[in-house]
>>> print(open('final.cif').read())   # mmCIF, N, CA and C atoms
data_input
#
loop_
_atom_site.label_atom_id
_atom_site.label_comp_id
_atom_site.auth_asym_id
_atom_site.auth_seq_id
_atom_site.Cartn_x
_atom_site.Cartn_y
_atom_site.Cartn_z
N MET A 1 0.82 -1.20 0.00
CA MET A 1 0.00 0.00 0.00
C MET A 1 0.86 1.26 0.00
N ALA A 2 1.98 1.21 0.68
CA ALA A 2 2.86 2.38 0.75
C ALA A 2 3.46 2.69 -0.63
N SER A 3 3.81 1.65 -1.38
CA SER A 3 4.40 1.89 -2.70
C SER A 3 3.33 2.46 -3.66
N PHE A 4 2.10 2.01 -3.56
CA PHE A 4 1.03 2.55 -4.39
C PHE A 4 0.78 4.01 -4.04
N ARG A 5 0.79 4.33 -2.76
CA ARG A 5 0.58 5.71 -2.32
C ARG A 5 1.72 6.61 -2.81
N SER A 6 2.95 6.11 -2.76
CA SER A 6 4.07 6.92 -3.24
C SER A 6 3.96 7.13 -4.76
N TYR A 7 3.47 6.13 -5.49
CA TYR A 7 3.24 6.29 -6.92
C TYR A 7 2.17 7.35 -7.19
N LEU A 8 1.08 7.31 -6.44
CA LEU A 8 0.01 8.29 -6.62
C LEU A 8 0.51 9.72 -6.41
N ASN A 9 1.41 9.89 -5.47
CA ASN A 9 1.89 11.24 -5.14
C ASN A 9 3.20 11.60 -5.82
N SER A 10 3.69 10.76 -6.70
CA SER A 10 4.97 11.03 -7.37
C SER A 10 4.79 12.11 -8.45
N PRO A 11 5.89 12.71 -8.90
CA PRO A 11 5.80 13.76 -9.93
C PRO A 11 5.27 13.27 -11.27
N VAL A 12 5.30 11.96 -11.51
CA VAL A 12 4.78 11.43 -12.78
C VAL A 12 3.54 10.57 -12.56
N GLY A 13 2.96 10.64 -11.39
CA GLY A 13 1.78 9.83 -11.08
C GLY A 13 0.50 10.40 -11.67
N PRO A 14 -0.62 9.68 -11.48
CA PRO A 14 -1.89 10.08 -12.09
C PRO A 14 -2.52 11.35 -11.52
N LYS A 15 -1.96 11.91 -10.45
CA LYS A 15 -2.48 13.17 -9.93
C LYS A 15 -1.87 14.38 -10.61
N LYS A 16 -0.94 14.15 -11.52
CA LYS A 16 -0.24 15.25 -12.20
C LYS A 16 -0.64 15.32 -13.66
N THR A 17 -0.55 16.50 -14.24
CA THR A 17 -0.87 16.66 -15.66
C THR A 17 0.17 15.96 -16.53
N HIS A 18 1.37 15.80 -16.04
CA HIS A 18 2.42 15.10 -16.79
C HIS A 18 1.95 13.70 -17.18
N PHE A 19 1.17 13.07 -16.32
CA PHE A 19 0.67 11.72 -16.56
C PHE A 19 -0.46 11.71 -17.58
N TRP A 20 -1.39 12.65 -17.47
CA TRP A 20 -2.61 12.62 -18.28
C TRP A 20 -2.52 13.41 -19.58
N GLY A 21 -1.54 14.24 -19.74
CA GLY A 21 -1.44 15.09 -20.92
C GLY A 21 -1.60 14.37 -22.25
N PRO A 22 -0.83 13.30 -22.50
CA PRO A 22 -0.92 12.65 -23.81
C PRO A 22 -2.24 11.93 -24.05
N SER A 23 -2.97 11.61 -23.01
CA SER A 23 -4.21 10.87 -23.21
C SER A 23 -5.32 11.77 -23.74
N ASN A 24 -5.09 13.07 -23.71
CA ASN A 24 -6.11 14.02 -24.08
C ASN A 24 -6.47 13.98 -25.56
N CYS A 25 -5.61 14.49 -26.41
CA CYS A 25 -5.99 14.59 -27.83
C CYS A 25 -4.85 14.19 -28.76
N ASN A 26 -3.78 13.67 -28.24
CA ASN A 26 -2.61 13.41 -29.06
C ASN A 26 -2.62 12.05 -29.75
N TRP A 27 -3.64 11.27 -29.57
CA TRP A 27 -3.68 9.97 -30.24
C TRP A 27 -4.31 10.11 -31.61
N TRP A 28 -3.70 10.97 -32.44
CA TRP A 28 -4.19 11.20 -33.79
C TRP A 28 -4.01 9.99 -34.67
N VAL A 29 -3.25 9.03 -34.19
CA VAL A 29 -3.01 7.84 -35.00
C VAL A 29 -4.32 7.12 -35.29
N TRP A 30 -5.29 7.23 -34.40
CA TRP A 30 -6.59 6.58 -34.64
C TRP A 30 -7.28 7.25 -35.82
N GLN A 31 -7.16 8.57 -35.93
CA GLN A 31 -7.72 9.27 -37.08
C GLN A 31 -6.98 8.87 -38.35
N GLY A 32 -5.67 8.71 -38.24
CA GLY A 32 -4.87 8.28 -39.38
C GLY A 32 -5.28 6.92 -39.91
N ARG A 33 -5.69 6.05 -39.01
CA ARG A 33 -6.16 4.72 -39.44
C ARG A 33 -7.40 4.85 -40.30
N GLU A 34 -8.25 5.82 -40.00
CA GLU A 34 -9.44 6.05 -40.81
C GLU A 34 -9.06 6.66 -42.17
N GLU A 35 -8.02 7.47 -42.17
CA GLU A 35 -7.59 8.12 -43.41
C GLU A 35 -7.04 7.11 -44.42
N ILE A 36 -6.55 5.98 -43.95
CA ILE A 36 -6.00 4.96 -44.85
C ILE A 36 -7.07 4.46 -45.81
N LYS A 37 -8.32 4.48 -45.38
CA LYS A 37 -9.41 3.98 -46.21
C LYS A 37 -9.75 4.92 -47.37
N LYS A 38 -9.30 6.16 -47.28
CA LYS A 38 -9.60 7.14 -48.32
C LYS A 38 -8.60 7.01 -49.47
N PRO A 39 -9.01 7.39 -50.67
CA PRO A 39 -8.07 7.36 -51.80
C PRO A 39 -6.96 8.40 -51.63
N PRO A 40 -5.79 8.15 -52.19
CA PRO A 40 -4.65 9.06 -52.02
C PRO A 40 -4.90 10.49 -52.51
N ASP A 41 -5.79 10.66 -53.48
CA ASP A 41 -6.04 12.01 -53.97
C ASP A 41 -6.82 12.87 -52.97
N MET A 42 -7.34 12.27 -51.91
CA MET A 42 -8.04 13.01 -50.87
C MET A 42 -7.09 13.47 -49.75
N ILE A 43 -5.83 13.04 -49.80
CA ILE A 43 -4.85 13.39 -48.77
C ILE A 43 -4.30 14.78 -49.06
N SER A 44 -4.27 15.62 -48.06
CA SER A 44 -3.66 16.95 -48.18
C SER A 44 -2.18 16.82 -47.84
N GLY A 45 -1.34 17.03 -48.83
CA GLY A 45 0.10 16.95 -48.61
C GLY A 45 0.59 18.01 -47.64
N ASN A 46 0.02 19.22 -47.73
CA ASN A 46 0.44 20.29 -46.82
C ASN A 46 0.07 19.98 -45.38
N MET A 47 -1.15 19.53 -45.15
CA MET A 47 -1.59 19.23 -43.79
C MET A 47 -0.84 18.04 -43.22
N THR A 48 -0.67 17.00 -44.01
CA THR A 48 0.04 15.82 -43.54
C THR A 48 1.48 16.17 -43.22
N GLY A 49 2.10 17.00 -44.06
CA GLY A 49 3.47 17.44 -43.79
C GLY A 49 3.56 18.27 -42.52
N ALA A 50 2.57 19.14 -42.30
CA ALA A 50 2.56 19.96 -41.09
C ALA A 50 2.42 19.10 -39.84
N ILE A 51 1.54 18.11 -39.88
CA ILE A 51 1.36 17.22 -38.73
C ILE A 51 2.62 16.38 -38.51
N PHE A 52 3.28 16.00 -39.60
CA PHE A 52 4.53 15.24 -39.51
C PHE A 52 5.59 16.06 -38.76
N VAL A 53 5.75 17.33 -39.13
CA VAL A 53 6.73 18.21 -38.47
C VAL A 53 6.33 18.45 -37.02
N PHE A 54 5.05 18.70 -36.78
CA PHE A 54 4.55 18.93 -35.42
C PHE A 54 4.87 17.75 -34.51
N SER A 55 4.60 16.54 -34.98
CA SER A 55 4.87 15.36 -34.16
C SER A 55 6.36 15.17 -33.93
N ALA A 56 7.17 15.47 -34.94
CA ALA A 56 8.62 15.35 -34.77
C ALA A 56 9.11 16.32 -33.70
N LEU A 57 8.59 17.54 -33.70
CA LEU A 57 9.00 18.53 -32.69
C LEU A 57 8.57 18.09 -31.29
N PHE A 58 7.36 17.57 -31.18
CA PHE A 58 6.89 17.16 -29.86
C PHE A 58 7.54 15.86 -29.39
N MET A 59 7.99 15.02 -30.32
CA MET A 59 8.78 13.85 -29.91
C MET A 59 10.07 14.32 -29.26
N ARG A 60 10.71 15.31 -29.88
CA ARG A 60 11.95 15.85 -29.31
C ARG A 60 11.67 16.48 -27.94
N PHE A 61 10.58 17.25 -27.84
CA PHE A 61 10.23 17.86 -26.56
C PHE A 61 10.01 16.81 -25.49
N ALA A 62 9.25 15.76 -25.81
CA ALA A 62 8.95 14.71 -24.83
C ALA A 62 10.22 14.01 -24.37
N TRP A 63 11.21 13.93 -25.25
CA TRP A 63 12.46 13.27 -24.89
C TRP A 63 13.37 14.19 -24.07
N MET A 64 13.38 15.49 -24.38
CA MET A 64 14.32 16.42 -23.76
C MET A 64 13.84 16.99 -22.43
N VAL A 65 12.55 16.99 -22.19
CA VAL A 65 12.01 17.59 -20.97
C VAL A 65 12.45 16.78 -19.75
N GLN A 66 12.68 17.50 -18.65
CA GLN A 66 13.02 16.81 -17.40
C GLN A 66 11.84 15.96 -16.98
N LEU A 67 12.08 14.80 -16.48
CA LEU A 67 11.06 13.76 -16.28
C LEU A 67 10.51 13.38 -17.64
N ARG A 68 11.29 12.66 -18.40
CA ARG A 68 10.91 12.30 -19.77
C ARG A 68 9.48 11.80 -19.83
N ASN A 69 8.77 12.30 -20.80
CA ASN A 69 7.36 12.00 -20.94
C ASN A 69 7.20 10.88 -21.97
N TYR A 70 7.32 9.64 -21.51
CA TYR A 70 7.26 8.50 -22.41
C TYR A 70 5.90 8.30 -23.07
N PRO A 71 4.77 8.55 -22.37
CA PRO A 71 3.49 8.43 -23.08
C PRO A 71 3.35 9.42 -24.23
N LEU A 72 3.79 10.66 -24.02
CA LEU A 72 3.74 11.65 -25.09
C LEU A 72 4.67 11.26 -26.23
N LEU A 73 5.85 10.77 -25.89
CA LEU A 73 6.79 10.32 -26.91
C LEU A 73 6.20 9.18 -27.73
N THR A 74 5.55 8.24 -27.07
CA THR A 74 4.96 7.09 -27.75
C THR A 74 3.83 7.50 -28.68
N CYS A 75 2.96 8.37 -28.23
CA CYS A 75 1.84 8.75 -29.09
C CYS A 75 2.32 9.55 -30.29
N HIS A 76 3.32 10.42 -30.12
CA HIS A 76 3.81 11.17 -31.27
C HIS A 76 4.66 10.31 -32.19
N ALA A 77 5.35 9.31 -31.66
CA ALA A 77 6.08 8.39 -32.53
C ALA A 77 5.09 7.56 -33.36
N SER A 78 3.98 7.16 -32.75
CA SER A 78 2.95 6.44 -33.50
C SER A 78 2.36 7.32 -34.58
N ASN A 79 2.08 8.58 -34.24
CA ASN A 79 1.53 9.50 -35.22
C ASN A 79 2.55 9.78 -36.32
N GLU A 80 3.81 9.89 -35.97
CA GLU A 80 4.86 10.15 -36.96
C GLU A 80 4.91 9.01 -37.98
N THR A 81 4.78 7.79 -37.50
CA THR A 81 4.77 6.63 -38.39
C THR A 81 3.57 6.68 -39.34
N MET A 82 2.41 6.98 -38.79
CA MET A 82 1.20 7.05 -39.60
C MET A 82 1.30 8.18 -40.63
N GLN A 83 1.80 9.32 -40.24
CA GLN A 83 1.90 10.45 -41.17
C GLN A 83 2.94 10.19 -42.25
N LEU A 84 4.01 9.50 -41.92
CA LEU A 84 5.01 9.14 -42.93
C LEU A 84 4.39 8.21 -43.97
N TYR A 85 3.57 7.27 -43.51
CA TYR A 85 2.87 6.39 -44.44
C TYR A 85 1.91 7.18 -45.33
N GLN A 86 1.19 8.13 -44.71
CA GLN A 86 0.25 8.95 -45.48
C GLN A 86 1.00 9.82 -46.50
N LEU A 87 2.16 10.35 -46.11
CA LEU A 87 2.95 11.14 -47.06
C LEU A 87 3.41 10.29 -48.23
N SER A 88 3.77 9.04 -47.96
CA SER A 88 4.19 8.16 -49.06
C SER A 88 3.02 7.87 -49.99
N ARG A 89 1.82 7.67 -49.45
CA ARG A 89 0.63 7.46 -50.28
C ARG A 89 0.33 8.70 -51.10
N TRP A 90 0.44 9.88 -50.47
CA TRP A 90 0.18 11.12 -51.17
C TRP A 90 1.18 11.31 -52.31
N ALA A 91 2.47 11.03 -52.04
CA ALA A 91 3.50 11.20 -53.07
C ALA A 91 3.27 10.25 -54.25
N LYS A 92 2.93 9.01 -53.97
CA LYS A 92 2.64 8.05 -55.04
C LYS A 92 1.42 8.48 -55.85
N GLY A 93 0.43 9.04 -55.17
CA GLY A 93 -0.78 9.49 -55.84
C GLY A 93 -0.56 10.74 -56.69
N ASN A 94 0.52 11.48 -56.40
CA ASN A 94 0.84 12.69 -57.16
C ASN A 94 2.01 12.47 -58.11
N GLY A 95 2.15 11.29 -58.61
CA GLY A 95 3.18 11.03 -59.62
C GLY A 95 4.57 10.85 -59.06
N GLY A 96 4.68 10.26 -57.88
CA GLY A 96 5.99 9.93 -57.34
C GLY A 96 6.67 11.01 -56.56
N GLY A 97 5.92 11.96 -56.08
CA GLY A 97 6.49 12.95 -55.18
C GLY A 97 6.52 14.37 -55.72
N ALA A 98 5.99 14.60 -56.91
CA ALA A 98 5.95 15.96 -57.43
C ALA A 98 4.96 16.77 -56.61
N VAL A 99 5.38 17.94 -56.16
CA VAL A 99 4.52 18.78 -55.36
C VAL A 99 3.68 19.66 -56.27
N ALA A 100 2.38 19.57 -56.14
CA ALA A 100 1.47 20.37 -56.95
C ALA A 100 1.17 21.68 -56.21
N VAL A 101 1.37 22.78 -56.88
CA VAL A 101 1.08 24.10 -56.30
C VAL A 101 -0.20 24.60 -56.94
N ASN A 102 -1.17 24.90 -56.09
CA ASN A 102 -2.46 25.38 -56.60
C ASN A 102 -2.45 26.86 -56.80
#
>>> encode(input="final.cif", output="structure tokens")
Amino acid sequence: MASFRSYLNSPVGPKKTHFWGPSNCNWWVWQGREEIKKPPDMISGNMTGAIFVFSALFMRFAWMVQLRNYPLLTCHASNETMQLYQLSRWAKGNGGGAVAVN
């Protein structure tokens, strides 16, 4: 019981925002799974690229912050993988990576 109580009151325990932060809205990978069902011409290269960069920056943040935030790192690494796959689908759908400017 003492070890459970110390976990509850620790700086990374469930009473702190550090613990619950990534569970909020960062599991975009679930949305990415739905996007796989869409044809590649429906993928926005600009948006997918922006989310790819965003997740890369937050992966670095989660790793560099004191008290490393492994849940945040995990969810952004998952999202980074999904966005990389979506970017590859988008590039193949646009003739092998040619960027179309509207």
>>> closest_residue(input="final.cif", among="A:Ala50, A:Ala56, A:Ala2, A:Leu8", to="Glu80 in chain A", atoms="all atoms listed in the file")
A:Ala56
>>> closest_residue(input="final.cif", among="A:Tyr70, A:Tyr85, A:Phe61, A:Trp90", to="Pro39 in chain A", atoms="all atoms listed in the file")
A:Trp90
>>> atom_distance(input="final.cif", atom1="CA of Glu34 in chain A", atom2="CA of Thr74 in chain A")
19.5 Å
>>> resolve_selection(input="final.cif", expression="the PyMOL selection byres (((chain A and resi 76 and name CA) around 12) and name CA)", output="PyMOL selection string")
chain A and resi 22-23+25-30+51-63+69-75+77-84
>>> closest_residue(input="final.cif", among="A:Leu67, A:Ile36, A:Gly49, A:Asp41", to="Lys92 in chain A", atoms="only N, CA and C atoms")
A:Asp41
>>> closest_residue(input="final.cif", among="A:Met1, A:Arg33, A:Ser44, A:Ser10", to="Gly93 in chain A", atoms="only C-alpha atoms")
A:Ser44
>>> atom_distance(input="final.cif", atom1="CA of Ala91 in chain A", atom2="atom N of Gln31 in chain A")
20.4 Å
